[in-house]
Amino acid sequence: MRTVFYIIQKEFIQVFRNKRMIPIIFFVPIVQLLILVNAATFEMKQIKMAVVDLDLSSSSRQLTSKFQGSPFYRIIDASFSHDKAMLLMQQGKVDVIMQIPNGFEKNLVKERSTQVQLVIDAINGASAGLINAYSTSIILDFNREILIEWLTSAEMGNVRRIVAETRYWYNPKLNYTTYMVPGILVLLVTIIGLLLSGMNIVREKEIGTIEQINVTPIRKLEFIAGKLIPFWIIALFELAFGLVLGKLLFNIPMEGSLWLIFLSASVYLFVILGFGLLVSTITNTQQQAMLVSFFFMVVFILMSGLFTSIESMPLWAQRVDMINPVAYFIKIMRMVMLKGSTFSDIHTPFYSLVIYAVLIISLAIWRYRKVA
Amino acid sequence: MKRFWGFVVKEFLHIFRDYRTLLILFGMPAVQLILFGFVITNEIKDARFAVLDLSKDETTRKLTEKIVSSGYFQLERALNTYAEIDRAFREGDIQLVVVFEPDFANRLEKEHVAHVQLIGDASDPNTASILVSYASGILNNYLLSMNSEAIPLQIHPETRMMYNQELKGVFMFVPGLMAMLLMLISALMTSLSITREKELGTMELLLASPLKPIQIVVGKVFPYVFLAFIDACIIIVLGWSVFGVPVRGSVGLLLFENFLYLSMALSLGILISCLTNSQQLAMMISLVALMLPTILLSGFIFPVENMPKILQWLCHVMPPMYFIRIIKGIMLKGNGLFLIWKETLILVGFTLFFIFLSIKKFKIRLA
């Protein structure tokens with residue numbers, strides 16, 4: 001037991017001696033928490049529009065001003081040239097072009113039906129879908145106003161309406177930060193934990209100091225434990241720090257129990273650190289270790305449901321996600337923090353993590369050889 | 001010059017002997033591209049919803065049918081009372097509940113107004129707002145078709161999706177993936193390979209050799225230019241052959257811009273290695289300070305325009321944002337140099353700036 005304690009002491013001294021390492025471990029993640037939470041949003045705040053009004057009638061002007069009046073739209077350019085508007089789109093200066101054809105008003109009056117063309121930059125498919133939905137609904141609104149204005153009440157009587165009322169439960173203001181903070185905290189703890197542990201043993205291998213440890217009577221289990229515990233403490237501390245900041249800066253809700261969060265986090269960190277140590281034992285250079293950890297990290301994070309929902313992944317990918325520890329922990333964090341889930345609600349992901357931790361640490365101990 | 005080539009050959013041998021690293025270097029773009037192409041998607045498809053139909057008439061059935069047949073939604077279950085909604089949200093994977101008021105069809109017929117409630121599970125606010133706007137769009141379309149005889153004055157919006165007619169998510173991800181992987185290989189790998197020599201003590205030997213410092217640095221960087229370039233080509237070819245992502249502009253220009261971005265990332269890597277002495281530190285700086293901003297502050301996944309003003313400014317000092325713009329322009333919009341010269345110049349500026357800083361910081365003596 002004393003041996004483990006000494007290894008832990010050694011690791012702590014090593015981490016904290018590197019003066020530049022401390023700000024990186026503690027400061028950078030915090031800055032990122034602030035930045036990333038705000039950056040990760042699909043909410044359309046401002047849609048840049050170009051109007052090509054070939055009709056120049058009072059109706060077409062009214063339609064344009066309808067867009068002008070919407071807080072979501074900014075009209076960047078109004079001209080008569082389709083080519084000019086297209087050029088703006090190619091430069092990425094506008095997201096959508098509205099073309100009002102010549103005869104817009106005349107057709108509306110005479111043929112009682114007319115057309116408007118929307119050209120949308122669809123490279124980002126999700127945004128394009130939203131822009132289409134917003135723009136169409138503004139045009140339909142305008143259509144309704146015209147009806148009310150132009151029609152007699154008898155004619156008006158034939159028009160049917162369905163009024164859709166929208167409600168957002170659990171988060172009525174659609175506050176994105178409350179949703180993102182738990183996920184980003186997981187991300188930061190994961191990155192720090194995986195990198196510190198993944199690079200650790202391999203560094204001793206590369207520099208050659210592993211030989212010195214190999215000739216001591218330290219047992220494999222003690223060695224792994226001594227390597228694991230310091231990073232476990234650092235990462236847990238980081239989580240606590242992040243939670244406090246999240247509370248102070250974003251006022252994120254904490255519906256469930258804080259102890260449950262830390263209990264799950266300590267299990268989760270054993271998985272991540274064990275994974276890092278495993279990587280460390282099977283690689284020979286830090287460069288290799290880094291690449292391997294990076295590769296798995298990106299795959300785990302992108303499939304974790306942090307940025308895109310797991311439900312929209314194909315079924316086979318959702319099955320593969322069973323082996324993704326990040327997905328389990330993000331689910332736990334969100335459920336406990338946002339919906340106030342209790343232990344009985346999260347027991348499936350929790351026990352999955354426990355099994356995972358046992359498996360991966362055994363594997364790391366088994367793979368670690370005291371022979372160079 | 002001969003000495004220099006000898007050094008370059010040594011670096012190449014270093015890399016090629018490490019087959020694990022090579023495997024990952026070339027396997028990574030392929031695996032990630034496939035992952036992005038098939039798995040990671042913002043597209044709404046088969047979102048699960050529930051219906052609370054208090055009216056149960058012809059019209060509400062037709063409307064439910066319309067929502068299902070749109071392809072965005074999949075009917076998970078029918079509810080009977082309001083009280084069931086909360087439970088449905090909590091236990092099931094339902095993301096949207098559509099509530100039709102009692103006597104829906106009759107009211108629509110007689111009073112000409114009927115009410116629908118769309119309730120989204122906003123604990124995931126992104127998805128909730130998208131689902132709600134899609135659902136109300138479907139209702140609107142139904143109304144339009146139903147009113148087509150009744151409404152005498154109609155404006156038909158006609159939409160054309162430019163550059164990406166099928167709204168494929170992979171069109172977004174190919175440029176972003178290039179920016180991310182090239183940054184990873186160039187900045188990270190170079191900074192590691194130089195600090196490694198420092199850490200192992202072999203840097204001392206190199207500095208004591210007749211090679212000039214600039215030759216050492218260029219020699220270290222050279223193999224990675226080569227590798228990263230191959231990776232860029234792999235991504236372009238795979239994106240085109242597997243997912244049909246086109247290269248509408250000039251291929252030559254595309255390769256040139258890749259090369260420019262590579263030089264920028266490499267000079268950044270050199271700068272990092274000049275500032276650090278251990279691989280661990282170099283890696284932490286590259287990864288924490290470069291990778292996440294490259295993924296998030298570049299328009300890779302989240303559009304820059306949606307961010308708060310301060311973050312938008314921050315994005316503008318991140319080289320990947322310009323690169324992604326350039327690549328999207330060339331590959332998807334078919335832009336020529338005259339449309340992207342500004343971004344190109346900015347990348348050149350970044351490169352020169354990083355090189356200048358590295359030269360100032362480069363020390364011939366260690367310790």
# chains A, B, ... in the order shown; residues from 1 in each chain; ligands from 1
>>> residues_around(residues="stretch 235-248 of chain B", least_positions_apart="3", cutoff="9 Å", atoms="only C-alpha atoms", output="list in words")
Pro29, Ala30, Leu33, Ile34, Gly37, Val170, Phe171, Val174, Pro175, Leu177, Met178, Ile230, Asp231, Ala232, Val251, Leu254, Gly329, Ile330, Met331, Leu332, Lys333, Gly334 and Asn335 of chain B
>>> write_last_selection(atoms="N, CA and C atoms", output="mmCIF file, in the first residue's frame")
data_model
loop_
_atom_site.group_PDB
_atom_site.id
_atom_site.type_symbol
_atom_site.label_atom_id
_atom_site.label_comp_id
_atom_site.auth_asym_id
_atom_site.auth_seq_id
_atom_site.Cartn_x
_atom_site.Cartn_y
_atom_site.Cartn_z
ATOM 1 N N PRO B 29 -8.351 9.162 -42.003
ATOM 2 C CA PRO B 29 -9.269 9.905 -42.873
ATOM 3 C C PRO B 29 -10.368 9.012 -43.424
ATOM 4 N N ALA B 30 -10.021 7.785 -43.802
ATOM 5 C CA ALA B 30 -11.023 6.898 -44.377
ATOM 6 C C ALA B 30 -12.118 6.600 -43.359
ATOM 7 N N LEU B 33 -14.191 9.753 -42.481
ATOM 8 C CA LEU B 33 -15.065 10.195 -43.563
ATOM 9 C C LEU B 33 -16.306 9.313 -43.612
ATOM 10 N N ILE B 34 -16.080 8.007 -43.479
ATOM 11 C CA ILE B 34 -17.204 7.076 -43.531
ATOM 12 C C ILE B 34 -18.130 7.305 -42.341
ATOM 13 N N GLY B 37 -19.998 10.440 -43.054
ATOM 14 C CA GLY B 37 -20.925 10.291 -44.157
ATOM 15 C C GLY B 37 -22.155 9.500 -43.778
ATOM 16 N N VAL B 170 -22.994 15.117 -45.734
ATOM 17 C CA VAL B 170 -21.580 14.882 -45.984
ATOM 18 C C VAL B 170 -20.940 16.049 -46.745
ATOM 19 N N PHE B 171 -21.740 16.843 -47.446
ATOM 20 C CA PHE B 171 -21.208 18.003 -48.156
ATOM 21 C C PHE B 171 -20.586 18.992 -47.179
ATOM 22 N N VAL B 174 -17.021 17.069 -45.504
ATOM 23 C CA VAL B 174 -15.768 16.840 -46.221
ATOM 24 C C VAL B 174 -14.793 18.010 -46.064
ATOM 25 N N PRO B 175 -15.228 19.251 -46.307
ATOM 26 C CA PRO B 175 -14.282 20.361 -46.100
ATOM 27 C C PRO B 175 -13.796 20.456 -44.649
ATOM 28 N N LEU B 177 -13.581 18.093 -42.418
ATOM 29 C CA LEU B 177 -12.699 16.971 -42.105
ATOM 30 C C LEU B 177 -11.297 17.231 -42.633
ATOM 31 N N MET B 178 -11.228 17.820 -43.830
ATOM 32 C CA MET B 178 -9.914 18.143 -44.382
ATOM 33 C C MET B 178 -9.207 19.128 -43.474
ATOM 34 N N ILE B 230 -1.064 13.572 -49.124
ATOM 35 C CA ILE B 230 -1.691 12.316 -49.526
ATOM 36 C C ILE B 230 -3.033 12.153 -48.822
ATOM 37 N N ASP B 231 -3.064 12.504 -47.541
ATOM 38 C CA ASP B 231 -4.317 12.406 -46.798
ATOM 39 C C ASP B 231 -5.401 13.285 -47.419
ATOM 40 N N ALA B 232 -5.029 14.493 -47.786
ATOM 41 C CA ALA B 232 -6.000 15.398 -48.401
ATOM 42 C C ALA B 232 -6.567 14.754 -49.662
ATOM 43 N N VAL B 251 -9.230 21.665 -59.946
ATOM 44 C CA VAL B 251 -8.517 20.756 -59.054
ATOM 45 C C VAL B 251 -7.151 21.337 -58.675
ATOM 46 N N LEU B 254 -7.540 23.768 -55.965
ATOM 47 C CA LEU B 254 -7.863 23.054 -54.730
ATOM 48 C C LEU B 254 -6.585 22.537 -54.079
ATOM 49 N N GLY B 329 -16.050 26.726 -51.259
ATOM 50 C CA GLY B 329 -16.182 27.523 -52.474
ATOM 51 C C GLY B 329 -15.713 26.756 -53.692
ATOM 52 N N ILE B 330 -14.510 26.186 -53.606
ATOM 53 C CA ILE B 330 -13.958 25.519 -54.788
ATOM 54 C C ILE B 330 -14.711 24.225 -55.089
ATOM 55 N N MET B 331 -14.898 23.393 -54.059
ATOM 56 C CA MET B 331 -15.460 22.071 -54.324
ATOM 57 C C MET B 331 -16.939 22.118 -54.659
ATOM 58 N N LEU B 332 -17.706 22.888 -53.879
ATOM 59 C CA LEU B 332 -19.151 22.794 -54.014
ATOM 60 C C LEU B 332 -19.755 23.891 -54.875
ATOM 61 N N LYS B 333 -19.120 25.075 -54.858
ATOM 62 C CA LYS B 333 -19.712 26.164 -55.630
ATOM 63 C C LYS B 333 -18.982 26.398 -56.944
ATOM 64 N N GLY B 334 -17.815 25.770 -57.104
ATOM 65 C CA GLY B 334 -17.059 25.974 -58.324
ATOM 66 C C GLY B 334 -16.435 27.345 -58.426
ATOM 67 N N ASN B 335 -16.086 27.945 -57.294
ATOM 68 C CA ASN B 335 -15.491 29.281 -57.321
ATOM 69 C C ASN B 335 -14.082 29.264 -57.887
#
>>> select_by_dssp(residues="stretch 132-284 of chain B", states="helix (DSSP H, G or I)", output="JSON, numbers by chain")
{"B": [132, 133, 134, 135, 136, 137, 138, 139, 140, 141, 142, 143, 144, 145, 146, 147, 170, 171, 172, 173, 174, 175, 176, 177, 178, 179, 180, 181, 182, 183, 184, 185, 186, 187, 188, 189, 190, 191, 192, 193, 194, 195, 196, 197, 198, 199, 200, 202, 203, 204, 205, 206, 207, 208, 213, 214, 215, 216, 217, 218, 219, 220, 221, 222, 223, 224, 225, 226, 227, 228, 229, 230, 231, 232, 233, 234, 235, 236, 237, 238, 239, 240, 241, 242, 243, 251, 252, 253, 254, 255, 256, 257, 258, 259, 260, 261, 262, 263, 264, 265, 266, 267, 268, 269, 270, 271, 272, 273, 274, 275, 279, 280, 281, 282, 283, 284]}
>>> closest_residue(among="A:Met337, A:Ile346, A:Ile252, A:Leu88", to="A:Tyr176", atoms="only C-alpha atoms")
A:Ile252
>>> interface_residues(of="chain A", to="chain B", cutoff="7 Å", atoms="only C-alpha atoms", output="ChimeraX atom specification")
/A:21,36,38-45,90-91,108,112-126,133,136,143,147,158-172,174-176,179,207,287-288,295,308,312-314,317
>>> write_last_selection(atoms="C-alpha atoms", output="PDB file, in the first residue's frame")
ATOM      1  CA  MET A  21       1.246  22.220 -17.633  1.00  0.00           C
ATOM      2  CA  LEU A  36     -17.744  26.075 -26.816  1.00  0.00           C
ATOM      3  CA  ASN A  38     -21.797  29.437 -26.805  1.00  0.00           C
ATOM      4  CA  ALA A  39     -20.492  28.238 -30.138  1.00  0.00           C
ATOM      5  CA  ALA A  40     -22.447  25.022 -30.341  1.00  0.00           C
ATOM      6  CA  THR A  41     -25.798  26.165 -31.585  1.00  0.00           C
ATOM      7  CA  PHE A  42     -27.854  25.520 -34.662  1.00  0.00           C
ATOM      8  CA  GLU A  43     -30.253  28.332 -33.837  1.00  0.00           C
ATOM      9  CA  MET A  44     -30.570  30.641 -36.802  1.00  0.00           C
ATOM     10  CA  LYS A  45     -30.075  34.172 -35.552  1.00  0.00           C
ATOM     11  CA  GLN A  90     -21.078  32.147 -54.339  1.00  0.00           C
ATOM     12  CA  GLN A  91     -19.046  34.440 -52.138  1.00  0.00           C
ATOM     13  CA  LEU A 108     -52.090  37.767 -58.384  1.00  0.00           C
ATOM     14  CA  ARG A 112     -55.415  34.887 -58.705  1.00  0.00           C
ATOM     15  CA  SER A 113     -52.236  32.884 -58.306  1.00  0.00           C
ATOM     16  CA  THR A 114     -48.604  33.888 -58.540  1.00  0.00           C
ATOM     17  CA  GLN A 115     -45.106  32.673 -57.789  1.00  0.00           C
ATOM     18  CA  VAL A 116     -42.044  33.598 -55.774  1.00  0.00           C
ATOM     19  CA  GLN A 117     -38.743  31.835 -56.103  1.00  0.00           C
ATOM     20  CA  LEU A 118     -36.433  31.054 -53.216  1.00  0.00           C
ATOM     21  CA  VAL A 119     -32.858  30.010 -53.954  1.00  0.00           C
ATOM     22  CA  ILE A 120     -31.143  28.632 -50.861  1.00  0.00           C
ATOM     23  CA  ASP A 121     -27.472  27.862 -50.273  1.00  0.00           C
ATOM     24  CA  ALA A 122     -27.849  24.228 -49.244  1.00  0.00           C
ATOM     25  CA  ILE A 123     -24.279  23.215 -48.454  1.00  0.00           C
ATOM     26  CA  ASN A 124     -25.351  22.993 -44.842  1.00  0.00           C
ATOM     27  CA  GLY A 125     -28.429  20.855 -45.358  1.00  0.00           C
ATOM     28  CA  ALA A 126     -29.853  21.334 -41.874  1.00  0.00           C
ATOM     29  CA  ALA A 133     -39.302  26.619 -43.423  1.00  0.00           C
ATOM     30  CA  THR A 136     -42.087  29.870 -46.585  1.00  0.00           C
ATOM     31  CA  ASN A 143     -50.486  35.761 -48.302  1.00  0.00           C
ATOM     32  CA  LEU A 147     -56.434  37.869 -48.280  1.00  0.00           C
ATOM     33  CA  ASN A 158     -64.391  30.010 -47.168  1.00  0.00           C
ATOM     34  CA  VAL A 159     -60.784  30.117 -46.096  1.00  0.00           C
ATOM     35  CA  ARG A 160     -59.904  27.606 -43.419  1.00  0.00           C
ATOM     36  CA  ARG A 161     -57.154  28.000 -40.898  1.00  0.00           C
ATOM     37  CA  ILE A 162     -55.339  25.679 -38.563  1.00  0.00           C
ATOM     38  CA  VAL A 163     -53.687  27.563 -35.741  1.00  0.00           C
ATOM     39  CA  ALA A 164     -50.605  25.781 -34.487  1.00  0.00           C
ATOM     40  CA  GLU A 165     -49.543  26.603 -30.975  1.00  0.00           C
ATOM     41  CA  THR A 166     -46.069  25.520 -29.974  1.00  0.00           C
ATOM     42  CA  ARG A 167     -44.848  24.524 -26.537  1.00  0.00           C
ATOM     43  CA  TYR A 168     -41.369  23.621 -25.432  1.00  0.00           C
ATOM     44  CA  TRP A 169     -41.270  21.431 -22.363  1.00  0.00           C
ATOM     45  CA  TYR A 170     -38.449  21.134 -19.811  1.00  0.00           C
ATOM     46  CA  ASN A 171     -36.722  24.149 -21.312  1.00  0.00           C
ATOM     47  CA  PRO A 172     -39.366  26.636 -22.424  1.00  0.00           C
ATOM     48  CA  LEU A 174     -34.956  26.937 -25.570  1.00  0.00           C
ATOM     49  CA  ASN A 175     -31.813  27.772 -23.671  1.00  0.00           C
ATOM     50  CA  TYR A 176     -28.988  25.997 -25.471  1.00  0.00           C
ATOM     51  CA  TYR A 179     -28.152  21.542 -22.756  1.00  0.00           C
ATOM     52  CA  ILE A 207      12.818   8.206 -21.930  1.00  0.00           C
ATOM     53  CA  GLN A 287       3.497  10.168 -30.894  1.00  0.00           C
ATOM     54  CA  GLN A 288       1.852   6.807 -31.474  1.00  0.00           C
ATOM     55  CA  PHE A 295      -8.429   8.627 -33.117  1.00  0.00           C
ATOM     56  CA  THR A 308     -25.817  15.522 -33.017  1.00  0.00           C
ATOM     57  CA  SER A 312     -30.764  10.292 -35.952  1.00  0.00           C
ATOM     58  CA  MET A 313     -27.915   7.816 -36.447  1.00  0.00           C
ATOM     59  CA  PRO A 314     -28.639   4.633 -38.405  1.00  0.00           C
ATOM     60  CA  ALA A 317     -24.397   2.767 -35.589  1.00  0.00           C
TER      61      ALA A 317
END
>>> closest_residue(among="A:Gly226, A:Pro217, A:Gly276, A:Gly103", to="A:Ser197", atoms="only C-alpha atoms")
A:Gly276
>>> atom_distance(atom1="atom CA of B:Leu337", atom2="atom CA of B:Ser186")
24.4 Å
>>> select_by_dssp(residues="stretch 46-155 of chain B", states="strand (DSSP E)", output="PDB file with N, CA and C atoms, in the first residue's frame")
ATOM      1  N   ALA B  47     -37.967  11.006 -36.910  1.00  0.00           N
ATOM      2  CA  ALA B  47     -38.058  11.456 -35.519  1.00  0.00           C
ATOM      3  C   ALA B  47     -39.340  10.877 -34.927  1.00  0.00           C
ATOM      4  N   ARG B  48     -39.244  10.385 -33.688  1.00  0.00           N
ATOM      5  CA  ARG B  48     -40.403   9.705 -33.104  1.00  0.00           C
ATOM      6  C   ARG B  48     -41.355  10.713 -32.479  1.00  0.00           C
ATOM      7  N   PHE B  49     -42.621  10.600 -32.825  1.00  0.00           N
ATOM      8  CA  PHE B  49     -43.590  11.513 -32.223  1.00  0.00           C
ATOM      9  C   PHE B  49     -44.833  10.745 -31.783  1.00  0.00           C
ATOM     10  N   ALA B  50     -45.613  11.392 -30.920  1.00  0.00           N
ATOM     11  CA  ALA B  50     -46.844  10.788 -30.442  1.00  0.00           C
ATOM     12  C   ALA B  50     -48.001  11.718 -30.763  1.00  0.00           C
ATOM     13  N   VAL B  51     -49.182  11.163 -30.899  1.00  0.00           N
ATOM     14  CA  VAL B  51     -50.354  11.969 -31.202  1.00  0.00           C
ATOM     15  C   VAL B  51     -51.340  11.863 -30.053  1.00  0.00           C
ATOM     16  N   LEU B  52     -51.822  13.015 -29.607  1.00  0.00           N
ATOM     17  CA  LEU B  52     -52.929  13.027 -28.660  1.00  0.00           C
ATOM     18  C   LEU B  52     -54.113  13.573 -29.433  1.00  0.00           C
ATOM     19  N   ASP B  53     -54.911  12.665 -29.961  1.00  0.00           N
ATOM     20  CA  ASP B  53     -56.003  13.060 -30.847  1.00  0.00           C
ATOM     21  C   ASP B  53     -57.294  13.092 -30.046  1.00  0.00           C
ATOM     22  N   PHE B  73     -40.921  12.136 -39.837  1.00  0.00           N
ATOM     23  CA  PHE B  73     -41.473  11.659 -38.573  1.00  0.00           C
ATOM     24  C   PHE B  73     -41.930  10.211 -38.659  1.00  0.00           C
ATOM     25  N   GLN B  74     -41.982   9.624 -37.479  1.00  0.00           N
ATOM     26  CA  GLN B  74     -42.416   8.237 -37.386  1.00  0.00           C
ATOM     27  C   GLN B  74     -43.340   8.183 -36.182  1.00  0.00           C
ATOM     28  N   LEU B  75     -44.540   7.666 -36.386  1.00  0.00           N
ATOM     29  CA  LEU B  75     -45.526   7.660 -35.299  1.00  0.00           C
ATOM     30  C   LEU B  75     -45.164   6.570 -34.306  1.00  0.00           C
ATOM     31  N   GLU B  76     -44.893   6.968 -33.069  1.00  0.00           N
ATOM     32  CA  GLU B  76     -44.469   5.997 -32.073  1.00  0.00           C
ATOM     33  C   GLU B  76     -45.679   5.443 -31.314  1.00  0.00           C
ATOM     34  N   ARG B  77     -46.569   6.313 -30.909  1.00  0.00           N
ATOM     35  CA  ARG B  77     -47.761   5.827 -30.217  1.00  0.00           C
ATOM     36  C   ARG B  77     -48.850   6.887 -30.197  1.00  0.00           C
ATOM     37  N   ALA B  78     -50.045   6.461 -29.817  1.00  0.00           N
ATOM     38  CA  ALA B  78     -51.163   7.380 -29.666  1.00  0.00           C
ATOM     39  C   ALA B  78     -51.456   7.517 -28.181  1.00  0.00           C
ATOM     40  N   LEU B  79     -51.657   8.754 -27.733  1.00  0.00           N
ATOM     41  CA  LEU B  79     -51.950   8.988 -26.324  1.00  0.00           C
ATOM     42  C   LEU B  79     -53.442   9.267 -26.165  1.00  0.00           C
ATOM     43  N   LEU B  96     -41.625  14.685 -29.915  1.00  0.00           N
ATOM     44  CA  LEU B  96     -42.652  15.672 -30.255  1.00  0.00           C
ATOM     45  C   LEU B  96     -44.026  15.056 -29.987  1.00  0.00           C
ATOM     46  N   VAL B  97     -44.922  15.872 -29.444  1.00  0.00           N
ATOM     47  CA  VAL B  97     -46.302  15.416 -29.295  1.00  0.00           C
ATOM     48  C   VAL B  97     -47.199  16.389 -30.046  1.00  0.00           C
ATOM     49  N   VAL B  98     -48.104  15.858 -30.862  1.00  0.00           N
ATOM     50  CA  VAL B  98     -49.052  16.683 -31.597  1.00  0.00           C
ATOM     51  C   VAL B  98     -50.422  16.499 -30.959  1.00  0.00           C
ATOM     52  N   VAL B  99     -51.020  17.612 -30.522  1.00  0.00           N
ATOM     53  CA  VAL B  99     -52.323  17.529 -29.860  1.00  0.00           C
ATOM     54  C   VAL B  99     -53.380  18.182 -30.746  1.00  0.00           C
ATOM     55  N   PHE B 100     -54.396  17.401 -31.118  1.00  0.00           N
ATOM     56  CA  PHE B 100     -55.520  17.972 -31.872  1.00  0.00           C
ATOM     57  C   PHE B 100     -56.651  18.263 -30.894  1.00  0.00           C
ATOM     58  N   VAL B 113     -61.714  27.722 -38.183  1.00  0.00           N
ATOM     59  CA  VAL B 113     -60.453  27.774 -37.441  1.00  0.00           C
ATOM     60  C   VAL B 113     -60.381  26.556 -36.538  1.00  0.00           C
ATOM     61  N   ALA B 114     -59.260  25.852 -36.558  1.00  0.00           N
ATOM     62  CA  ALA B 114     -59.080  24.736 -35.630  1.00  0.00           C
ATOM     63  C   ALA B 114     -57.692  24.848 -35.019  1.00  0.00           C
ATOM     64  N   HIS B 115     -57.532  24.275 -33.823  1.00  0.00           N
ATOM     65  CA  HIS B 115     -56.259  24.452 -33.122  1.00  0.00           C
ATOM     66  C   HIS B 115     -55.477  23.156 -32.978  1.00  0.00           C
ATOM     67  N   VAL B 116     -54.187  23.288 -33.138  1.00  0.00           N
ATOM     68  CA  VAL B 116     -53.263  22.172 -32.932  1.00  0.00           C
ATOM     69  C   VAL B 116     -52.212  22.632 -31.946  1.00  0.00           C
ATOM     70  N   GLN B 117     -51.784  21.726 -31.075  1.00  0.00           N
ATOM     71  CA  GLN B 117     -50.649  22.065 -30.213  1.00  0.00           C
ATOM     72  C   GLN B 117     -49.466  21.204 -30.601  1.00  0.00           C
ATOM     73  N   LEU B 118     -48.312  21.828 -30.749  1.00  0.00           N
ATOM     74  CA  LEU B 118     -47.094  21.071 -31.025  1.00  0.00           C
ATOM     75  C   LEU B 118     -46.205  21.186 -29.797  1.00  0.00           C
ATOM     76  N   ILE B 119     -45.980  20.079 -29.094  1.00  0.00           N
ATOM     77  CA  ILE B 119     -45.177  20.121 -27.874  1.00  0.00           C
ATOM     78  C   ILE B 119     -43.860  19.406 -28.132  1.00  0.00           C
ATOM     79  N   GLY B 120     -42.762  20.141 -28.011  1.00  0.00           N
ATOM     80  CA  GLY B 120     -41.455  19.534 -28.247  1.00  0.00           C
ATOM     81  C   GLY B 120     -40.746  19.252 -26.936  1.00  0.00           C
ATOM     82  N   ASP B 121     -39.942  18.183 -26.891  1.00  0.00           N
ATOM     83  CA  ASP B 121     -39.117  17.908 -25.715  1.00  0.00           C
ATOM     84  C   ASP B 121     -37.873  18.777 -25.834  1.00  0.00           C
ATOM     85  N   GLN B 154     -53.371  33.326 -54.415  1.00  0.00           N
ATOM     86  CA  GLN B 154     -52.333  32.486 -53.824  1.00  0.00           C
ATOM     87  C   GLN B 154     -50.944  32.818 -54.298  1.00  0.00           C
ATOM     88  N   ILE B 155     -50.009  32.819 -53.345  1.00  0.00           N
ATOM     89  CA  ILE B 155     -48.598  32.993 -53.697  1.00  0.00           C
ATOM     90  C   ILE B 155     -47.922  31.654 -53.492  1.00  0.00           C
TER      91      ILE B 155
END
>>> atom_distance(atom1="atom CA of A:Tyr328", atom2="atom CA of A:Ile272")
12.1 Å
>>> decode(residues="stretch 181-212 of chain A", atoms="C-alpha atoms", output="short mmCIF file (atom, residue, chain, number, x, y, z; two decimals), in the first residue's frame")
data_model
loop_
_atom_site.label_atom_id
_atom_site.label_comp_id
_atom_site.auth_asym_id
_atom_site.auth_seq_id
_atom_site.Cartn_x
_atom_site.Cartn_y
_atom_site.Cartn_z
CA VAL A 181 -22.79 22.51 -20.46
CA PRO A 182 -23.17 18.96 -19.11
CA GLY A 183 -21.90 17.55 -22.41
CA ILE A 184 -18.96 19.90 -22.68
CA LEU A 185 -17.94 19.09 -19.10
CA VAL A 186 -17.81 15.43 -20.06
CA LEU A 187 -15.75 16.32 -23.09
CA LEU A 188 -13.17 18.26 -21.13
CA VAL A 189 -12.80 15.66 -18.39
CA THR A 190 -12.44 13.00 -21.07
CA ILE A 191 -9.77 14.83 -23.02
CA ILE A 192 -7.67 15.68 -19.99
CA GLY A 193 -8.00 12.19 -18.50
CA LEU A 194 -7.28 10.32 -21.69
CA LEU A 195 -4.31 12.42 -22.69
CA LEU A 196 -2.63 12.52 -19.31
CA SER A 197 -2.94 8.77 -18.83
CA GLY A 198 -2.39 7.81 -22.45
CA MET A 199 0.91 9.63 -22.68
CA ASN A 200 2.15 8.62 -19.27
CA ILE A 201 3.60 5.13 -19.27
CA VAL A 202 4.73 5.46 -22.84
CA ARG A 203 6.72 8.52 -21.86
CA GLU A 204 8.61 6.54 -19.27
CA LYS A 205 9.21 3.93 -21.95
CA GLU A 206 10.54 6.47 -24.39
CA ILE A 207 12.82 8.21 -21.93
CA GLY A 208 13.93 4.90 -20.48
CA THR A 209 12.90 5.45 -16.88
CA ILE A 210 10.50 2.51 -17.14
CA GLU A 211 13.55 0.26 -16.76
CA GLN A 212 14.18 1.70 -13.34
#
